[in-house]
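In what follows, a structure is listed as structure tokens, so that the remarks can point back to it.
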Amino acid sequence: MTFITLTTDFGTRQGSHTVLHGAIYGIAPDAVITDLSHEITPQDIREANFVVNNSAFFFPDGTVHVIVVDPGVGTERRAIAARIGSHYFVAPDNGVLSACLRRADEMGWSTEFVDLDKPEYWLTNVTNTFHGRDLFAPVGAHLGAGVSLGDLGSAMTDPILMPLWEATQHDDGSVSGEVIYIDDFGNAICSILPDEIAHLPVPNGVKVELGGATIDGMVRTFGDSEYGTDTLIALWDSSGYLLVSENNGTGGKVIQPCPGDRVTVRSQ
Amino acid sequence: MTFITLTTDFGTRQGSHTVLHGAIYGIAPDAVITDLSHEITPQDIREANFVVNNSAFFFPDGTVHVIVVDPGVGTERRAIAARIGSHYFVAPDNGVLSACLRRADEMGWSTEFVDLDKPEYWLTNVTNTFHGRDLFAPVGAHLGAGVSLGDLGSAMTDPILMPLWEATQHDDGSVSGEVIYIDDFGNAICSILPDEIAHLPVPNGVKVELGGATIDGMVRTFGDSEYGTDTLIALWDSSGYLLVSENNGTGGKVIQPCPGDRVTVRSQ
Amino acid sequence: MTFITLTTDFGTRQGSHTVLHGAIYGIAPDAVITDLSHEITPQDIREANFVVNNSAFFFPDGTVHVIVVDPGVGTERRAIAARIGSHYFVAPDNGVLSACLRRADEMGWSTEFVDLDKPEYWLTNVTNTFHGRDLFAPVGAHLGAGVSLGDLGSAMTDPILMPLWEATQHDDGSVSGEVIYIDDFGNAICSILPDEIAHLPVPNGVKVELGGATIDGMVRTFGDSEYGTDTLIALWDSSGYLLVSENNGTGGKVIQPCPGDRVTVRSQ
């Protein structure tokens, strides 16, 4: 089986994302394509980092992940393909793989990169504006169909990395991070992991501060809270990160968090 | 062929729903997955009842329908799998199968249920917040890959049922129901079926009352109306239910119906 | 491989579009289905023309494209199937294939049409309101499963055509067209092709007028512009047409273009 996922900022209304499907089927007719997300905020490479890293590695080993969030399309930026652990990625070289590469570092996975400089694996006519169709999807399809990574381009070792969300411990023991993503429930996913606040009296003895609000203690799960429905709660998200939510996961009404907002956890 | 459908309230922007795809492919690589809907109003079990029941049974016999609308995730609520007629379902035991079970009653289909208490069919690490990935998708994949229902858990006979929409006949012969769902055209789908108003002079001699508006008579189809484009019409929806629509299916502007609003059909 | 694409105005929230999936799998279990778009503006046949024509021909030869944008459902309008070049189409006979047929004319492709008058290829019970499920999807599945076009209905030669977007050259050499579509980035796709303004001093010597704004010159690609982020730019879209965009493809804020708005290109 050849599994290929697609992540773009095209939206799904115009159908342009299905041009990638068509281009892939023309090269790898037995590919099984999953639309990972086509609703990345336009040109938001940082958000694409979060979304791809959160879902990609749950696919089977050998899956090819094609990412087209590409504000630099048609300029001199490189197009690259990568092996990160047992998964493959095809993307513009604009930092969009940074979160997956940080994961590889943490997990001790090996990585390989190629600069996609072999036009024989692209569509015949490459436009200046749609490298998704003309280059990334065809290269992903060839990878899926069995072409080896090394055949697709010249080896390279310097993919562009971008600064990512992180957590910082302060002198008073408090830990601050930032809102990474607002999910479709309106929950704020925050850049703090359990290990990073293990020295604090989690769950009941901490307070979580975000956007002027303070939450006393963390709960175990959405349905495990005694709070009313308009009250903010903090808990561990399935992504591993700290989540700030209105009770029952319909958050976003009490405070209006945005990506980049500061969140702090400290002792009560 | 192994057909699996997914219904959740995750939205499609974050890509979390594709984690279910990945988890399924890891267990049942030849599964054919259909995203039935990921846009259930968050935690709206009643809406999920309507959406799943409307589409699921058009899939081939043996299809496995995985439903993750789960406000009680991480609490003591059971996870269940069911056979309803010739279709399989995997879901939290929170009433989300009630409409499909009412259909089974009406059609005389047999049913079977198991309490999903066999962790060997789940992912290794089950979180408190994402049973879709950790439990429901893997169980659905095992069902699709040929594990029998009875092997997935302990037999049970008491799935939770929730009250559903219905129609009531009054002493004066009028019949009232409620708005079940507002579709993407803004049409109101109402809980009244043809048999339930067969004693009334359908189509031309009835009036339909909803939200302060009165519609004289029913039409046969959207394009079959002589009304202007701002006029409300009533007709039979493809789902079988009474539909109230602005002419040509671009409804929702004259009145602003909501799920739960009362609708009445009576003689003119 | 049997590739089938679906284009409708159903939206994806209610799940009705997956009834088409189910109906197809029941007839052609090995079909590979792609949701081309289910977000056509309700009943907007002209928009469906644009969307389908832009993506359909990137699929492999033999792909079957099912289109259900059907304001006349249940009236006397015909249902048709067509071969346009090496692709198949199943749709209401309401002009929705006009853009694909104009392409066939331009490319010199042959075409064939049948009036879908053979109920043995439909579902058993055809409703007045859901021919997508009852007729178009089953016919598409039979085509995909190997039934020949001629067996599905009676040959015909007069599919309905609708007027489409075009470009007009004026006495002063300027060329005017119209906005065809606003994409998910807010960019305006305009009905002017490179050949149609080849007599003008493209790229630097032209000005593009739209909605009261004037853009001096065209750029090569989104990232190739020196303009600020609130400035309008004009360039060639991957669809081939003239695109008016705010810099970096996050347009739609400076002017609020709508389909049908006039756009003009002239010498500076």
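Quick note on naming: the chains in the structure tokens go A, B, ... in the order shown, residues restart at 1 in each chain, and ligands are numbered from 1 in order of appearance.
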Closest atom pairs, residues of chain C within 8 Å of chain B, only C-alpha atoms, as JSON lines:
{"residue": "C:Phe10", "atom": "CA", "partner": "B:Asp184", "partner_atom": "CA", "distance": 6.7}
{"residue": "C:Gly11", "atom": "CA", "partner": "B:Asp184", "partner_atom": "CA", "distance": 5.9}
{"residue": "C:Thr12", "atom": "CA", "partner": "B:Ser37", "partner_atom": "CA", "distance": 6.5}
{"residue": "C:Arg13", "atom": "CA", "partner": "B:Glu39", "partner_atom": "CA", "distance": 5.0}
{"residue": "C:Gln14", "atom": "CA", "partner": "B:Val51", "partner_atom": "CA", "distance": 5.8}
{"residue": "C:Gly15", "atom": "CA", "partner": "B:Leu36", "partner_atom": "CA", "distance": 5.2}
{"residue": "C:Ser16", "atom": "CA", "partner": "B:Ser55", "partner_atom": "CA", "distance": 6.3}
{"residue": "C:Thr18", "atom": "CA", "partner": "B:Leu36", "partner_atom": "CA", "distance": 5.7}
{"residue": "C:Val19", "atom": "CA", "partner": "B:Ser55", "partner_atom": "CA", "distance": 5.3}
{"residue": "C:His21", "atom": "CA", "partner": "B:Phe59", "partner_atom": "CA", "distance": 7.5}
{"residue": "C:Gly22", "atom": "CA", "partner": "B:Phe59", "partner_atom": "CA", "distance": 3.9}
{"residue": "C:Ala23", "atom": "CA", "partner": "B:Phe58", "partner_atom": "CA", "distance": 6.1}
{"residue": "C:Tyr25", "atom": "CA", "partner": "B:Pro60", "partner_atom": "CA", "distance": 6.7}
{"residue": "C:Gly26", "atom": "CA", "partner": "B:Pro60", "partner_atom": "CA", "distance": 5.3}
{"residue": "C:Pro29", "atom": "CA", "partner": "B:Met1", "partner_atom": "CA", "distance": 7.0}
{"residue": "C:Asp30", "atom": "CA", "partner": "B:Met1", "partner_atom": "CA", "distance": 7.6}
{"residue": "C:Pro42", "atom": "CA", "partner": "B:Phe185", "partner_atom": "CA", "distance": 6.8}
{"residue": "C:Pro71", "atom": "CA", "partner": "B:Gly223", "partner_atom": "CA", "distance": 6.4}
{"residue": "C:Gly72", "atom": "CA", "partner": "B:Gly223", "partner_atom": "CA", "distance": 4.9}
{"residue": "C:Val73", "atom": "CA", "partner": "B:Gly223", "partner_atom": "CA", "distance": 6.5}
{"residue": "C:Gly74", "atom": "CA", "partner": "B:Thr221", "partner_atom": "CA", "distance": 5.8}
{"residue": "C:Thr75", "atom": "CA", "partner": "B:Gly223", "partner_atom": "CA", "distance": 6.2}
{"residue": "C:Thr127", "atom": "CA", "partner": "B:Ser238", "partner_atom": "CA", "distance": 6.6}
{"residue": "C:Asn128", "atom": "CA", "partner": "B:Thr221", "partner_atom": "CA", "distance": 5.9}
{"residue": "C:Thr129", "atom": "CA", "partner": "B:Ser238", "partner_atom": "CA", "distance": 5.5}
{"residue": "C:Phe130", "atom": "CA", "partner": "B:Ser238", "partner_atom": "CA", "distance": 5.5}
Would you list, as a list in words, the residues of segment 104-212 of chain C that end up in strand (DSSP E) under DSSP run on this structure's backbone?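 DSSP-assigned strand (DSSP E) residues in segment 104-212 of chain C: Thr111, Glu112, Phe113, Val114, Asp115, Ser154, Ala155, Met156, Thr168, Gln169, Val175, Ser176, Gly177, Glu178, Val179, Ile180, Tyr181, Ile182, Ala188, Ile189, Cys190, Val206, Lys207, Val208, Glu209 and Leu210 of chain C.
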I need the chosen residues saved as a CSV table (one decimal), in the first residue's frame, with N, CA and C atoms.
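Everything below was put into selection28.csv:
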chain,number,residue,atom,x,y,z
C,111,THR,N,-16.5,14.5,-28.7
C,111,THR,CA,-17.5,14.4,-27.6
C,111,THR,C,-18.6,13.5,-28.0
C,112,GLU,N,-19.3,12.9,-27.0
C,112,GLU,CA,-20.5,12.0,-27.2
C,112,GLU,C,-21.4,12.3,-26.0
C,113,PHE,N,-22.7,12.2,-26.3
C,113,PHE,CA,-23.7,12.5,-25.2
C,113,PHE,C,-24.8,11.4,-25.2
C,114,VAL,N,-25.3,11.1,-24.1
C,114,VAL,CA,-26.5,10.3,-24.0
C,114,VAL,C,-27.5,10.9,-23.0
C,115,ASP,N,-28.8,10.8,-23.3
C,115,ASP,CA,-29.9,11.1,-22.5
C,115,ASP,C,-30.1,9.9,-21.5
C,154,SER,N,-30.0,7.0,-24.5
C,154,SER,CA,-30.1,7.3,-25.9
C,154,SER,C,-29.2,8.4,-26.4
C,155,ALA,N,-28.6,8.1,-27.5
C,155,ALA,CA,-27.6,9.1,-28.0
C,155,ALA,C,-28.3,10.5,-28.3
C,156,MET,N,-27.7,11.6,-28.0
C,156,MET,CA,-28.2,12.9,-28.2
C,156,MET,C,-27.1,13.8,-28.7
C,168,THR,N,-13.0,40.6,-24.1
C,168,THR,CA,-13.4,41.4,-25.3
C,168,THR,C,-12.3,42.5,-25.6
C,169,GLN,N,-11.8,42.5,-26.8
C,169,GLN,CA,-10.9,43.5,-27.2
C,169,GLN,C,-11.6,44.8,-27.7
C,175,VAL,N,-8.4,45.4,-23.2
C,175,VAL,CA,-9.2,44.2,-23.2
C,175,VAL,C,-9.9,44.1,-21.9
C,176,SER,N,-11.2,43.8,-21.9
C,176,SER,CA,-12.0,43.7,-20.7
C,176,SER,C,-12.5,42.3,-20.6
C,177,GLY,N,-12.7,41.9,-19.3
C,177,GLY,CA,-13.3,40.6,-19.0
C,177,GLY,C,-14.0,40.8,-17.7
C,178,GLU,N,-14.2,39.7,-17.0
C,178,GLU,CA,-15.0,39.7,-15.8
C,178,GLU,C,-14.3,38.9,-14.7
C,179,VAL,N,-14.6,39.1,-13.4
C,179,VAL,CA,-14.2,38.2,-12.4
C,179,VAL,C,-15.0,37.0,-12.5
C,180,ILE,N,-14.3,35.8,-12.6
C,180,ILE,CA,-15.0,34.5,-12.7
C,180,ILE,C,-15.3,33.9,-11.3
C,181,TYR,N,-14.3,34.1,-10.4
C,181,TYR,CA,-14.3,33.3,-9.1
C,181,TYR,C,-13.4,34.0,-8.1
C,182,ILE,N,-13.9,34.0,-6.9
C,182,ILE,CA,-13.0,34.5,-5.8
C,182,ILE,C,-12.5,33.2,-5.0
C,188,ALA,N,-9.0,37.3,-7.0
C,188,ALA,CA,-10.0,37.4,-8.0
C,188,ALA,C,-9.4,36.8,-9.3
C,189,ILE,N,-10.1,35.7,-9.8
C,189,ILE,CA,-9.7,35.0,-11.0
C,189,ILE,C,-10.5,35.7,-12.1
C,190,CYS,N,-9.8,36.2,-13.1
C,190,CYS,CA,-10.5,37.0,-14.1
C,190,CYS,C,-10.4,36.4,-15.5
C,206,VAL,N,1.6,47.5,-18.8
C,206,VAL,CA,0.1,47.5,-18.8
C,206,VAL,C,-0.4,48.0,-17.4
C,207,LYS,N,-1.6,48.4,-17.4
C,207,LYS,CA,-2.3,48.6,-16.1
C,207,LYS,C,-3.6,47.8,-16.1
C,208,VAL,N,-3.9,47.3,-14.9
C,208,VAL,CA,-5.1,46.4,-14.7
C,208,VAL,C,-6.1,47.2,-13.8
C,209,GLU,N,-7.3,47.3,-14.3
C,209,GLU,CA,-8.3,48.1,-13.5
C,209,GLU,C,-9.4,47.1,-13.0
C,210,LEU,N,-9.7,47.2,-11.8
C,210,LEU,CA,-10.7,46.3,-11.2
C,210,LEU,C,-11.3,47.0,-10.0
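One distance worth recording is that between atom CA of Pro203 of chain C and atom CA of Tyr241 of chain C, which is 14.2 Å.
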Work out how far apart atom CA of Leu6 of chain C and atom CA of Tyr88 of chain A are and give it in Å to one decimal.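 For atom CA of Leu6 of chain C relative to atom CA of Tyr88 of chain A, the distance reads 29.0 Å.
Compared by their closest atoms to Glu196 of chain A, and using only C-alpha atoms, the residues A:Arg46, A:His17, A:Arg83, A:His170 rank with A:His170 nearest.
Put simply, atom CA of Ile255 of chain A is 6.6 Å away from atom CA of Gly211 of chain A.
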